[in-house]
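Peer 1: Handing over query-v7.txt, compact mmCIF, C-alpha atoms.
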# COMPACT_ATOMS: atom_id res chain seq x y z
CA MET A 12 27.30 -32.26 -71.87
CA THR A 13 27.60 -31.92 -68.09
CA ASP A 14 30.58 -33.30 -66.30
CA ASP A 15 29.46 -35.26 -63.27
CA ARG A 16 32.67 -37.13 -62.56
CA ALA A 17 33.54 -37.41 -58.85
CA VAL A 18 30.20 -35.96 -57.85
CA SER A 19 28.17 -37.94 -55.32
CA ILE A 20 24.74 -36.80 -54.13
CA ALA A 21 25.09 -38.53 -50.78
CA ILE A 22 28.37 -36.89 -49.99
CA THR A 23 27.02 -33.51 -51.01
CA HIS A 24 24.11 -33.90 -48.64
CA ALA A 25 26.34 -35.10 -45.83
CA LEU A 26 28.72 -32.20 -46.24
CA THR A 27 25.86 -29.71 -46.31
CA ILE A 28 24.34 -31.12 -43.15
CA ALA A 29 27.70 -31.26 -41.41
CA ILE A 30 28.50 -27.63 -42.26
CA THR A 31 25.04 -26.52 -41.14
CA THR A 32 25.40 -28.42 -37.88
CA VAL A 33 28.77 -26.84 -37.13
CA LEU A 34 27.44 -23.37 -37.84
CA LEU A 35 24.35 -23.89 -35.68
CA SER A 36 26.40 -25.35 -32.83
CA GLY A 37 28.64 -22.33 -32.86
CA LEU A 38 25.60 -20.08 -32.84
CA LEU A 39 24.03 -21.92 -29.88
CA ILE A 40 27.23 -21.97 -27.83
CA SER A 41 27.82 -18.24 -28.23
CA SER A 42 24.14 -17.53 -27.56
CA GLY A 43 24.32 -19.58 -24.39
CA ALA A 44 27.25 -17.56 -23.10
CA LEU A 45 25.45 -14.32 -24.00
CA LEU A 46 22.24 -15.45 -22.30
CA GLU A 47 24.10 -16.46 -19.15
CA SER A 48 25.73 -13.05 -18.80
CA GLN A 49 22.41 -11.35 -19.52
CA GLU A 50 20.74 -13.50 -16.87
CA GLN A 51 23.38 -12.54 -14.29
CA ARG A 52 23.02 -8.85 -15.10
CA VAL A 53 19.23 -8.82 -15.05
CA SER A 54 18.96 -10.89 -11.88
CA ASN A 55 21.36 -8.50 -10.14
CA GLN A 56 19.25 -5.59 -11.33
CA GLN A 57 16.02 -7.17 -10.04
CA LEU A 58 17.61 -7.97 -6.67
CA SER A 59 18.81 -4.36 -6.41
CA GLU A 60 15.37 -2.98 -7.23
CA ILE A 61 13.71 -5.17 -4.62
CA GLY A 62 16.38 -4.31 -2.05
CA SER A 63 16.12 -0.57 -2.55
CA ASP A 64 12.33 -0.83 -2.37
CA VAL A 65 12.50 -2.72 0.95
CA LEU A 66 14.94 -0.08 2.19
CA SER A 67 12.45 2.70 1.44
CA TYR A 68 9.75 0.88 3.45
CA LEU A 69 12.09 0.52 6.43
CA HIS A 70 12.79 4.25 6.27
CA ASP A 71 9.04 5.06 6.08
CA PHE A 72 8.23 2.77 9.01
CA ASP A 73 11.04 4.26 11.07
CA ARG A 74 9.48 7.67 10.56
CA MET A 75 5.93 6.39 11.22
CA SER A 76 6.95 4.75 14.50
CA SER A 77 7.47 8.18 16.06
CA SER A 78 4.10 9.51 14.88
CA GLY A 79 2.17 8.07 17.80
CA GLU A 80 2.01 5.44 20.53
CA ASP A 81 1.73 1.72 19.73
CA VAL A 82 2.00 2.28 16.01
CA GLN A 83 1.40 -0.80 13.91
CA SER A 84 1.61 -1.02 10.16
CA THR A 85 1.94 -3.70 7.48
CA VAL A 86 2.74 -3.43 3.81
CA THR A 87 2.49 -6.32 1.33
CA PRO A 88 4.54 -5.30 -1.71
CA ASN A 89 3.83 -6.92 -5.04
CA TYR A 90 7.24 -8.50 -5.68
CA PRO A 91 7.79 -11.25 -8.29
CA ASP A 92 7.70 -14.84 -7.03
CA ARG A 93 11.01 -15.60 -8.69
CA ILE A 94 14.00 -13.75 -10.07
CA VAL A 95 14.13 -13.85 -13.90
CA ASP A 96 11.04 -16.02 -13.55
CA SER A 97 13.22 -18.96 -12.58
CA TYR A 98 15.05 -18.59 -9.29
CA ALA A 99 13.65 -18.33 -5.78
CA TYR A 100 15.08 -15.64 -3.50
CA THR A 101 14.96 -14.62 0.15
CA ILE A 102 14.87 -11.27 1.92
CA GLU A 103 16.75 -11.14 5.20
CA LEU A 104 16.67 -8.37 7.79
CA ARG A 105 19.45 -8.40 10.36
CA GLU A 106 21.56 -6.13 12.54
CA THR A 107 25.00 -5.36 11.17
CA ALA A 108 28.26 -5.18 13.12
CA ASN A 109 28.10 -1.37 13.32
CA GLY A 110 24.56 -1.38 14.73
CA TYR A 111 22.73 -0.53 11.52
CA ALA A 112 19.81 -2.44 10.02
CA GLY A 113 21.00 -4.56 7.12
CA ILE A 114 18.98 -6.07 4.28
CA GLU A 115 20.24 -8.89 2.12
CA ILE A 116 18.36 -10.09 -0.95
CA ARG A 117 19.79 -13.42 -2.01
CA THR A 118 19.16 -16.01 -4.70
CA HIS A 119 21.03 -19.19 -3.87
CA ARG A 120 20.99 -20.93 -7.23
CA LEU A 121 22.66 -18.02 -8.96
CA ASP A 122 24.84 -17.39 -5.90
CA GLN A 123 23.99 -13.71 -6.06
CA SER A 124 23.05 -11.26 -3.34
CA VAL A 125 22.76 -7.54 -2.78
CA GLN A 126 23.11 -5.88 0.59
CA TYR A 127 22.02 -2.53 1.96
CA GLU A 128 22.42 -0.80 5.32
CA ILE A 129 20.36 1.91 6.93
CA ALA A 130 20.51 3.63 10.30
CA LEU A 131 17.15 3.31 12.07
CA GLU A 132 15.94 4.67 15.36
CA THR A 133 13.36 1.90 15.69
CA ASP A 134 14.54 -1.52 16.85
CA ILE A 135 14.46 -4.39 14.39
CA GLN A 136 13.70 -8.07 14.81
CA GLU A 137 16.03 -10.22 12.72
CA SER A 138 13.97 -12.26 10.29
CA THR A 139 13.93 -13.83 6.83
CA VAL A 140 11.12 -14.22 4.34
CA ARG A 141 10.87 -15.95 0.97
CA GLY A 142 10.34 -13.81 -2.09
CA GLY A 143 6.87 -13.49 -3.57
CA ASP A 144 4.54 -13.40 -0.57
CA VAL A 145 6.38 -10.67 1.35
CA GLU A 146 5.20 -8.74 4.38
CA ILE A 147 7.10 -5.87 5.94
CA ASN A 148 5.83 -5.00 9.39
CA LEU A 149 6.03 -2.29 11.99
CA CYS A 150 5.00 -4.11 15.16
CA LYS A 151 3.92 -2.84 18.55
CA ASP A 152 4.70 -4.29 21.99
CA PRO A 153 7.62 -4.01 21.51
CA GLN A 154 7.83 -1.38 18.77
CA GLU A 155 10.11 -2.91 16.14
CA ILE A 156 10.42 -3.48 12.42
CA THR A 157 10.45 -6.98 10.98
CA VAL A 158 9.66 -8.96 7.82
CA GLY A 159 7.31 -11.90 7.57
CA GLY A 160 4.79 -10.84 10.21
CA CYS A 161 4.70 -9.70 13.83
CA ASP A 162 4.92 -12.24 16.64
CA MET B 295 19.42 -38.06 -73.29
CA VAL B 296 16.22 -38.52 -71.40
CA ARG B 297 18.13 -40.14 -68.55
CA SER B 298 20.56 -37.21 -68.08
CA ARG B 299 17.75 -34.55 -68.11
CA SER B 300 15.79 -36.32 -65.30
CA ALA B 301 18.98 -36.83 -63.24
CA ALA B 302 19.82 -33.09 -63.41
CA GLY B 303 16.23 -32.18 -62.41
CA SER B 304 16.33 -34.54 -59.49
CA ARG B 305 19.62 -33.13 -58.16
CA SER B 306 18.43 -29.51 -58.23
CA GLY B 307 15.17 -30.45 -56.50
CA GLU B 308 17.02 -32.18 -53.69
CA ARG B 309 19.36 -29.23 -53.20
CA GLY B 310 16.37 -26.95 -53.01
CA GLN B 311 14.79 -29.07 -50.30
CA LEU B 312 18.00 -29.08 -48.30
CA ILE B 313 18.32 -25.29 -48.47
CA LEU B 314 14.73 -24.93 -47.34
CA ILE B 315 15.27 -27.24 -44.34
CA ALA B 316 18.44 -25.40 -43.35
CA ALA B 317 16.67 -22.02 -43.53
CA ILE B 318 13.83 -23.30 -41.31
CA VAL B 319 16.33 -24.60 -38.73
CA VAL B 320 18.18 -21.26 -38.62
CA ALA B 321 14.93 -19.33 -38.26
CA ALA B 322 13.85 -21.61 -35.41
CA ALA B 323 17.16 -21.06 -33.65
CA ILE B 324 16.83 -17.28 -33.92
CA LEU B 325 13.23 -17.38 -32.72
CA GLY B 326 14.23 -19.52 -29.73
CA GLY B 327 16.93 -17.01 -28.83
CA VAL B 328 14.47 -14.12 -28.96
CA VAL B 329 12.00 -15.92 -26.70
CA LEU B 330 14.70 -16.75 -24.16
CA LEU B 331 15.97 -13.16 -24.08
CA ASN B 332 12.44 -11.83 -23.53
CA THR B 333 11.90 -13.96 -20.42
CA ILE B 334 15.12 -12.62 -18.90
CA HIS B 335 14.23 -8.95 -19.31
CA SER B 336 11.10 -8.89 -17.07
CA SER B 337 11.28 -6.28 -14.31
CA PRO B 338 9.32 -5.50 -11.11
CA ASP B 339 9.54 -1.71 -11.62
CA VAL B 340 5.86 -0.92 -12.13
CA SER B 341 4.53 -2.97 -9.18
CA ALA B 342 7.09 -1.56 -6.76
CA GLN B 343 6.21 2.01 -7.70
CA THR B 344 2.50 1.40 -7.00
CA ASP B 345 3.19 -0.07 -3.54
CA ALA B 346 5.61 2.72 -2.55
CA GLN B 347 2.87 5.20 -3.44
CA SER B 348 0.51 3.41 -0.99
CA VAL B 349 2.88 3.85 1.93
CA SER B 350 3.38 7.52 1.06
CA ASP B 351 -0.40 7.94 0.90
CA ALA B 352 -0.77 6.32 4.34
CA ASP B 353 1.94 8.53 5.83
CA ARG B 354 0.52 11.69 4.31
CA THR B 355 -3.06 10.82 5.25
CA THR B 356 -2.28 10.09 8.89
CA ALA B 357 -0.23 13.28 9.21
CA GLY B 358 -3.12 15.24 7.72
CA ILE B 359 -5.59 13.64 10.12
CA HIS B 360 -3.34 14.47 13.08
CA SER B 361 -3.29 18.11 12.00
CA ASP B 362 -7.07 18.16 11.49
CA LEU B 363 -7.64 16.71 14.96
CA GLY B 364 -5.56 19.51 16.45
CA ASP B 365 -7.70 22.07 14.63
CA LEU B 366 -10.88 20.30 15.74
CA PHE B 367 -9.71 20.35 19.36
CA MET B 368 -8.90 24.05 19.28
CA ALA B 369 -12.18 24.81 17.49
CA SER B 370 -14.04 23.01 20.25
CA GLY B 371 -12.50 25.33 22.85
CA THR B 372 -13.17 28.37 20.67
CA ASP B 373 -16.84 27.42 20.40
CA GLU B 374 -17.18 27.50 24.18
CA THR B 375 -15.17 30.64 24.94
CA GLY B 376 -14.85 32.62 21.69
CA PHE B 377 -11.08 32.35 22.13
CA PRO B 378 -8.68 29.61 20.98
CA VAL B 379 -8.37 27.71 24.25
CA PRO B 380 -6.89 24.19 24.25
CA TYR B 381 -9.66 22.17 25.86
CA ALA B 382 -12.79 20.27 24.87
CA ASP B 383 -15.96 19.13 26.54
CA GLU B 384 -15.85 15.41 27.40
CA ASP B 385 -19.40 14.72 26.23
CA GLU B 386 -19.33 16.66 22.97
CA PHE B 387 -15.82 16.11 21.65
CA GLY B 388 -16.27 12.37 21.11
CA ASP B 389 -19.29 13.01 18.89
CA GLU B 390 -17.36 15.65 16.94
CA VAL B 391 -14.51 13.20 16.32
CA ASP B 392 -16.95 10.49 15.14
CA GLU B 393 -18.54 12.90 12.69
CA TYR B 394 -15.14 13.94 11.39
CA SER B 395 -14.19 10.27 10.93
CA GLU B 396 -17.31 9.52 8.88
CA GLN B 397 -16.87 12.54 6.66
CA TYR B 398 -13.18 11.86 6.11
CA THR B 399 -13.79 8.25 5.09
CA GLU B 400 -16.43 9.37 2.59
CA LEU B 401 -13.98 11.93 1.23
CA ILE B 402 -11.01 9.64 0.63
CA SER B 403 -13.08 6.73 -0.69
CA THR B 404 -14.28 8.88 -3.60
CA ASN B 405 -10.88 8.88 -5.33
CA ARG B 406 -9.04 5.82 -3.97
CA SER B 407 -9.79 2.41 -2.51
CA ALA B 408 -8.87 3.23 1.09
CA ILE B 409 -10.57 3.72 4.42
CA ALA B 410 -9.56 5.81 7.42
CA SER B 411 -11.20 5.94 10.82
CA VAL B 412 -10.51 7.95 13.95
CA GLU B 413 -11.92 7.37 17.42
CA LEU B 414 -11.44 9.22 20.70
CA VAL B 415 -10.29 6.42 23.04
CA ASP B 416 -8.86 8.24 26.06
CA TRP B 417 -7.99 11.66 27.38
CA THR B 418 -6.21 13.54 30.10
CA GLU B 419 -8.57 15.52 32.26
CA GLY B 420 -7.53 18.89 33.57
CA THR B 421 -8.06 22.59 33.85
CA VAL B 422 -7.41 25.46 31.49
CA ALA B 423 -7.04 29.09 32.55
CA TYR B 424 -7.24 31.75 29.89
CA SER B 425 -7.48 35.49 29.38
CA ASN B 426 -10.84 37.12 29.31
CA GLU B 427 -11.12 38.69 25.88
CA SER B 428 -13.63 41.26 27.02
CA SER B 429 -11.41 42.51 29.83
CA ASP B 430 -8.81 45.26 29.43
CA GLU B 431 -6.62 43.61 31.99
CA PHE B 432 -4.15 40.93 31.02
CA VAL B 433 -5.22 38.88 34.05
CA ASP B 434 -8.60 39.57 35.65
CA ASN B 435 -8.33 41.13 39.11
CA GLU B 436 -4.62 40.17 39.10
CA GLN B 437 -5.46 36.69 40.37
CA ASN B 438 -2.55 34.38 41.06
CA PRO B 439 -1.57 31.63 40.68
CA ILE B 440 -2.97 31.20 37.19
CA ILE B 441 -2.57 27.45 37.64
CA GLU B 442 -1.76 25.77 40.96
CA ASP B 443 -0.44 22.27 41.74
CA ALA B 444 -0.63 20.94 38.18
CA ASP B 445 0.97 17.52 37.56
CA ALA B 446 2.03 18.75 34.12
CA LEU B 447 1.37 21.60 31.69
CA PRO B 448 0.12 20.22 28.36
CA ARG B 449 -0.01 23.68 26.83
CA LEU B 450 1.16 27.16 27.74
CA HIS B 451 0.39 29.74 25.08
CA MET B 452 0.79 33.51 25.18
CA SER B 453 0.52 36.02 22.36
CA PHE B 454 1.02 39.77 22.02
CA GLU B 455 0.25 41.96 19.02
CA ASP B 456 2.80 44.59 19.93
CA TYR B 457 4.26 44.30 23.41
CA GLU B 458 4.14 47.59 25.20
CA GLY B 459 4.10 48.35 28.84
CA GLY B 460 6.09 47.24 31.85
CA ASP B 461 8.02 44.04 32.37
CA LEU B 462 5.86 40.93 32.74
CA THR B 463 7.30 37.91 34.56
CA VAL B 464 5.85 34.45 34.15
CA VAL B 465 7.02 32.22 36.98
CA ILE B 466 6.85 28.46 36.54
CA SER B 467 7.43 26.97 39.98
CA SER B 468 8.48 23.36 40.15
CA GLY B 469 11.12 22.70 42.75
CA THR B 470 13.17 25.61 41.40
CA ASN B 471 11.58 28.65 39.79
CA ILE B 472 11.89 29.31 36.08
CA GLU B 473 11.13 32.95 35.40
CA PHE B 474 10.38 34.26 31.90
CA GLU B 475 10.90 38.02 31.87
CA PHE B 476 9.12 39.85 29.05
CA THR B 477 10.24 43.37 28.11
CA GLU B 478 9.69 45.45 25.00
CA ASN B 479 13.10 44.36 23.68
CA HIS B 480 13.58 40.72 24.65
CA VAL B 481 12.44 37.66 26.54
CA GLU B 482 14.93 36.30 29.06
CA TYR B 483 14.97 33.26 31.31
CA ASP B 484 17.37 31.01 33.23
CA VAL B 485 17.27 27.24 33.05
CA GLN B 486 19.77 24.87 34.64
CA ALA B 487 22.20 27.72 35.45
CA THR B 488 22.13 28.96 31.84
CA ASN B 489 20.87 32.43 30.98
CA ILE B 490 18.96 32.54 27.68
CA VAL B 491 17.90 35.74 25.91
CA CYS B 492 15.60 35.88 22.90
CA ASP B 493 15.97 39.36 21.36
CA GLY B 494 13.11 41.37 19.91
CA ASN B 495 9.62 42.52 20.80
CA PRO B 496 7.71 39.48 22.09
CA ARG B 497 5.00 38.05 19.84
CA GLU B 498 4.24 34.49 20.92
CA VAL B 499 5.20 31.79 23.40
CA ASP B 500 3.99 28.24 22.84
CA LEU B 501 5.14 25.37 25.09
CA VAL B 502 3.87 21.79 25.05
CA TYR B 503 4.87 19.94 28.22
CA GLY B 504 7.67 22.45 28.70
CA ALA B 505 9.13 22.38 25.17
CA GLY B 506 8.39 24.71 22.27
CA TYR B 507 9.40 28.17 21.13
CA ILE B 508 9.44 31.90 21.83
CA GLU B 509 8.86 34.13 18.82
CA THR B 510 9.71 37.83 18.70
CA ASP B 511 9.73 40.32 15.84
CA GLU B 512 13.45 39.55 15.36
CA SER B 513 13.99 35.93 16.26
CA TYR B 514 12.60 32.44 16.86
CA CYS B 515 14.04 30.72 19.93
CA VAL B 516 13.62 27.05 20.84
CA VAL B 517 12.73 26.37 24.47
CA GLU B 518 13.34 23.11 26.32
CA LEU B 519 12.57 23.16 29.99
CA PRO B 520 13.44 20.18 32.18
CA ASP B 521 10.65 17.81 33.15
CA LEU B 522 8.47 19.65 35.63
CA GLY B 523 6.84 17.97 38.61
CA SER B 524 4.01 19.58 40.55
CA THR B 525 3.85 23.02 38.98
CA ASP B 526 2.40 26.44 39.66
CA VAL B 527 2.18 29.16 37.02
CA ASN B 528 2.15 32.74 38.28
CA PHE B 529 2.10 36.04 36.43
CA ASP B 530 4.01 38.85 38.08
CA LEU B 531 2.29 41.79 36.46
CA PRO B 532 3.56 45.35 36.02
CA ASN B 533 1.37 48.35 36.74
CA ASP B 534 1.25 49.01 33.02
CA GLU B 535 -0.06 45.65 31.84
CA PRO B 536 0.72 44.46 28.30
CA ASP B 537 -1.99 43.87 25.78
CA GLY B 538 -2.05 40.17 25.05
CA GLN B 539 -3.72 36.83 25.58
CA TYR B 540 -2.82 33.62 27.36
CA ALA B 541 -4.13 30.07 27.76
CA VAL B 542 -2.52 27.65 30.20
CA SER B 543 -3.73 24.07 30.66
CA GLY B 544 -2.75 21.78 33.51
CA GLU B 545 -3.32 18.15 34.49
CA ASN B 546 -4.98 17.47 37.85
CA VAL B 547 -4.91 21.11 38.88
CA GLY B 548 -5.56 22.23 42.44
CA ASP B 549 -6.79 25.75 41.72
CA CYS B 550 -6.92 28.23 38.87
CA ALA B 551 -7.54 31.92 38.20
CA ASP B 552 -10.82 32.93 36.62
CA PRO B 553 -11.78 32.55 33.93
CA CYS B 554 -10.92 28.87 33.85
CA GLU B 555 -12.59 25.62 32.88
CA THR B 556 -12.20 22.54 35.06
CA GLY B 557 -12.86 18.85 34.49
CA GLU B 558 -12.34 19.10 30.75
CA ILE B 559 -10.22 17.31 28.17
CA VAL B 560 -6.79 18.94 27.98
CA ASN B 561 -4.97 16.22 26.02
CA PRO B 562 -7.08 13.78 23.98
CA GLU B 563 -5.86 10.39 22.74
CA PHE B 564 -7.09 8.89 19.48
CA GLU B 565 -6.97 5.57 17.70
CA LEU B 566 -6.25 6.03 14.03
CA ILE B 567 -6.68 3.31 11.40
CA TYR B 568 -5.85 3.55 7.71
CA GLN B 569 -6.15 0.69 5.21
CA ASP B 570 -5.84 0.18 1.48
CA PRO B 571 -5.11 -2.96 -0.62
CA SER B 572 -1.35 -2.78 0.03
CA VAL B 573 -0.92 -1.05 3.38
CA SER B 574 -2.56 -1.22 6.78
CA PHE B 575 -1.74 1.29 9.50
CA GLU B 576 -2.93 1.53 13.09
CA SER B 577 -1.80 3.92 15.78
CA GLU B 578 -2.76 5.45 19.09
CA LEU B 579 -1.70 9.02 19.31
CA LYS B 580 -1.96 11.77 21.85
CA LEU B 581 -2.64 15.19 20.46
CA PHE B 582 0.03 16.88 22.57
CA LYS B 583 3.43 15.33 22.95
CA ARG B 584 6.38 17.17 24.45
CA GLY B 585 7.52 19.74 21.92
CA GLU B 586 4.83 18.84 19.33
CA ARG B 587 1.49 20.51 18.75
In structure tokens, write the structure found in this file.

Peer 2:
Amino acid sequence: MTDDRAVSIAITHALTIAITTVLLSGLLISSGALLESQEQRVSNQQLSEIGSDVLSYLHDFDRMSSSGEDVQSTVTPNYPDRIVDSYAYTIELRETANGYAGIEIRTHRLDQSVQYEIALETDIQESTVRGGDVEINLCKDPQEITVGGCD
Amino acid sequence: MVRSRSAAGSRSGERGQLILIAAIVVAAAILGGVVLLNTIHSSPDVSAQTDAQSVSDADRTTAGIHSDLGDLFMASGTDETGFPVPYADEDEFGDEVDEYSEQYTELISTNRSAIASVELVDWTEGTVAYSNESSDEFVDNEQNPIIEDADALPRLHMSFEDYEGGDLTVVISSGTNIEFEFTENHVEYDVQATNIVCDGNPREVDLVYGAGYIETDESYCVVELPDLGSTDVNFDLPNDEPDGQYAVSGENVGDCADPCETGEIVNPEFELIYQDPSVSFESELKLFKRGER
């Protein structure tokens, strides 16, 4: 004979569901924290890769500008439209306080940015361009480096 | 009895269903986590590498074309004189550049999706005086000046296989005289109150608009003369003339020593265009810039 005193099917089900819910909630909360830190790390890595790539183009254009007169060149790199497929970003070219050319790649929603500096002999025109459809230009008249197209 | 057996069966069936549902929910949660993590780990590495390669290709291609144009220019002078003289015929050189451009575009389009074109768009007209290869004398009939009243000297080139003989002096007159004294042991000159000596037996002198080098069997010396205005080039020759060759080109020259060619291209200017899917490049370049050849 089985002893089924103080055993209720409804309560058993409720307890099982409650325990499962607590375990899943804990799993989702810890996963969320892990995903957020992963997102920060990967977005920083992508911004750094784009920034160092832009830096190499500036260096190449600086060298090309002395190869002849009225040199003009444009490169359209194939950068992603968004960081971690979710966040828009901008690429800014500006002159720093010590006279170098500075690049800042920034994504506002994650409040992240990476910055680089490089000494160039060619003048620069301060400019900003949205990520995705990027142009880096070496313009003539006057000879200067800019992003987003020559005037 | 029958009632208790069916109740036990019903309870175990319901527990089984609950376990199954819980397992499906956990699996869905894990699968969702995997999908989310995959979207985070995308990277632009591969695309960036391809584009960087395009810029390097453009840089390398244009540098190669610049070098080829220099060779083409010198070959044009060699065709006329049998001696590497830096000048080209105005009528013929443009056609030679067009032919080079066509052949080069065919060549690079065979292994990549790019085009390159070169066109002769302008030039500096002038005169080039050079040594007569068939003559035993360094300068025929000791004519001087070699070049007179030149606005500038795009190229001054001298070479000796093994300098023997007396001291040769090359005088570049522009306001003040700059005298290069060649002996068997050194080349010496004064510029802006500074005496400069390049030790060794002279082999070659190559100046482009007053900047370049002197090479001897012992050393390689950089030369930078100040900007020269209206310039004469004279050779002060010893009785025992050295065995060597020279070619001196000048812009808007008044007179020159034979043999010389007048009204020719002494510094051509080209328009160079390179384009591929990622990079476009356009430039106007002169063949000779101060200190570059």

Peer 1: With distances taken over only C-alpha atoms, which of A:Ser77, A:Gly143, A:Ile114, A:Asp134 is nearest to Asp96 of chain A?

Peer 2: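 The answer is A:Gly143, which sits nearest to Asp96 of chain A.
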
Peer 1: Show me, as a VMD selection string, the residues of chain A whose atoms get within 8 Å of chain B, using all atoms listed in the file for the distance check.

Peer 2: chain A and resid 20 24 31 35 39 42 46 49 to 50 53 57 60 to 61 64 67 to 68 71 75 78 to 91 95 to 96

Peer 1: Just to be explicit: take each residue in the selection above, keep C-alpha atoms, and write the result as a PDB file, keeping the file's coordinate frame.

Peer 2:
ATOM      1  CA  ILE A  20      24.740 -36.800 -54.130  1.00  0.00           C
ATOM      2  CA  HIS A  24      24.110 -33.900 -48.640  1.00  0.00           C
ATOM      3  CA  THR A  31      25.040 -26.520 -41.140  1.00  0.00           C
ATOM      4  CA  LEU A  35      24.350 -23.890 -35.680  1.00  0.00           C
ATOM      5  CA  LEU A  39      24.030 -21.920 -29.880  1.00  0.00           C
ATOM      6  CA  SER A  42      24.140 -17.530 -27.560  1.00  0.00           C
ATOM      7  CA  LEU A  46      22.240 -15.450 -22.300  1.00  0.00           C
ATOM      8  CA  GLN A  49      22.410 -11.350 -19.520  1.00  0.00           C
ATOM      9  CA  GLU A  50      20.740 -13.500 -16.870  1.00  0.00           C
ATOM     10  CA  VAL A  53      19.230  -8.820 -15.050  1.00  0.00           C
ATOM     11  CA  GLN A  57      16.020  -7.170 -10.040  1.00  0.00           C
ATOM     12  CA  GLU A  60      15.370  -2.980  -7.230  1.00  0.00           C
ATOM     13  CA  ILE A  61      13.710  -5.170  -4.620  1.00  0.00           C
ATOM     14  CA  ASP A  64      12.330  -0.830  -2.370  1.00  0.00           C
ATOM     15  CA  SER A  67      12.450   2.700   1.440  1.00  0.00           C
ATOM     16  CA  TYR A  68       9.750   0.880   3.450  1.00  0.00           C
ATOM     17  CA  ASP A  71       9.040   5.060   6.080  1.00  0.00           C
ATOM     18  CA  MET A  75       5.930   6.390  11.220  1.00  0.00           C
ATOM     19  CA  SER A  78       4.100   9.510  14.880  1.00  0.00           C
ATOM     20  CA  GLY A  79       2.170   8.070  17.800  1.00  0.00           C
ATOM     21  CA  GLU A  80       2.010   5.440  20.530  1.00  0.00           C
ATOM     22  CA  ASP A  81       1.730   1.720  19.730  1.00  0.00           C
ATOM     23  CA  VAL A  82       2.000   2.280  16.010  1.00  0.00           C
ATOM     24  CA  GLN A  83       1.400  -0.800  13.910  1.00  0.00           C
ATOM     25  CA  SER A  84       1.610  -1.020  10.160  1.00  0.00           C
ATOM     26  CA  THR A  85       1.940  -3.700   7.480  1.00  0.00           C
ATOM     27  CA  VAL A  86       2.740  -3.430   3.810  1.00  0.00           C
ATOM     28  CA  THR A  87       2.490  -6.320   1.330  1.00  0.00           C
ATOM     29  CA  PRO A  88       4.540  -5.300  -1.710  1.00  0.00           C
ATOM     30  CA  ASN A  89       3.830  -6.920  -5.040  1.00  0.00           C
ATOM     31  CA  TYR A  90       7.240  -8.500  -5.680  1.00  0.00           C
ATOM     32  CA  PRO A  91       7.790 -11.250  -8.290  1.00  0.00           C
ATOM     33  CA  VAL A  95      14.130 -13.850 -13.900  1.00  0.00           C
ATOM     34  CA  ASP A  96      11.040 -16.020 -13.550  1.00  0.00           C
TER      35      ASP A  96
END

Peer 1: What is the distance, in Å and to one decimal place, between atom CA of Glu545 of chain B and atom CA of Val502 of chain B?

Peer 2: 12.4 Å

Peer 1: Counting all atoms listed in the file, what is within 8 Å of Asp73 of chain A, bar same-chain residues fewer than 6 positions away, as a list in words?

Peer 2: Leu131, Glu132, Thr133 and Ile156 of chain A

Peer 1: Which distance in Å separates atom CA of Ser524 of chain B and atom CA of Asp445 of chain B, to one decimal?

Peer 2: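 Computed distance, atom CA of Ser524 of chain B to atom CA of Asp445 of chain B, equals 4.7 Å.
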
Peer 1: Figure out the distance between atom CA of Phe72 of chain A and atom CA of Glu106 of chain A, please, to one decimal in Å.

Peer 2: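 These atoms are spaced 16.4 Å apart.
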
Peer 1: Can you tell me which residues surround Val542 of chain B at a distance of at most 9 Å, considering all atoms listed in the file, apart from same-chain residues fewer than 6 positions away, and format the answer as a list of chain:residue names?

Peer 2: B:Val379, B:Pro380, B:Thr421, B:Val422, B:Ala423, B:Tyr424, B:Ile440, B:Ile441, B:Leu447, B:Pro448, B:Arg449, B:Leu450, B:His451, B:Met452, B:Val527

Peer 1: Give me the box for segment 19-29 of chain A as AutoDock Vina command-line options, namely the centre and edge lengths in Å to one decimal of a box along x, y and z that holds every listed atom plus 3 Å on each side.

Peer 2:
--center_x 26.4 --center_y -34.1 --center_z -48.4 --size_x 10.6 --size_y 14.8 --size_z 19.9

Peer 1: If we draw a sphere of 8 Å around (-6.7, 9.9, 26.4), which residues have at least one atom in it when counting all atoms listed in the file? Please report them as an mmCIF file with C-alpha atoms, in the coordinates of the input.

Peer 2:
data_model
loop_
_atom_site.group_PDB
_atom_site.id
_atom_site.type_symbol
_atom_site.label_atom_id
_atom_site.label_comp_id
_atom_site.auth_asym_id
_atom_site.auth_seq_id
_atom_site.Cartn_x
_atom_site.Cartn_y
_atom_site.Cartn_z
ATOM 1 C CA LEU B 414 -11.440 9.220 20.700
ATOM 2 C CA VAL B 415 -10.290 6.420 23.040
ATOM 3 C CA ASP B 416 -8.860 8.240 26.060
ATOM 4 C CA TRP B 417 -7.990 11.660 27.380
ATOM 5 C CA THR B 418 -6.210 13.540 30.100
ATOM 6 C CA ASN B 561 -4.970 16.220 26.020
ATOM 7 C CA PRO B 562 -7.080 13.780 23.980
ATOM 8 C CA GLU B 563 -5.860 10.390 22.740
ATOM 9 C CA PHE B 564 -7.090 8.890 19.480
ATOM 10 C CA LYS B 580 -1.960 11.770 21.850
#
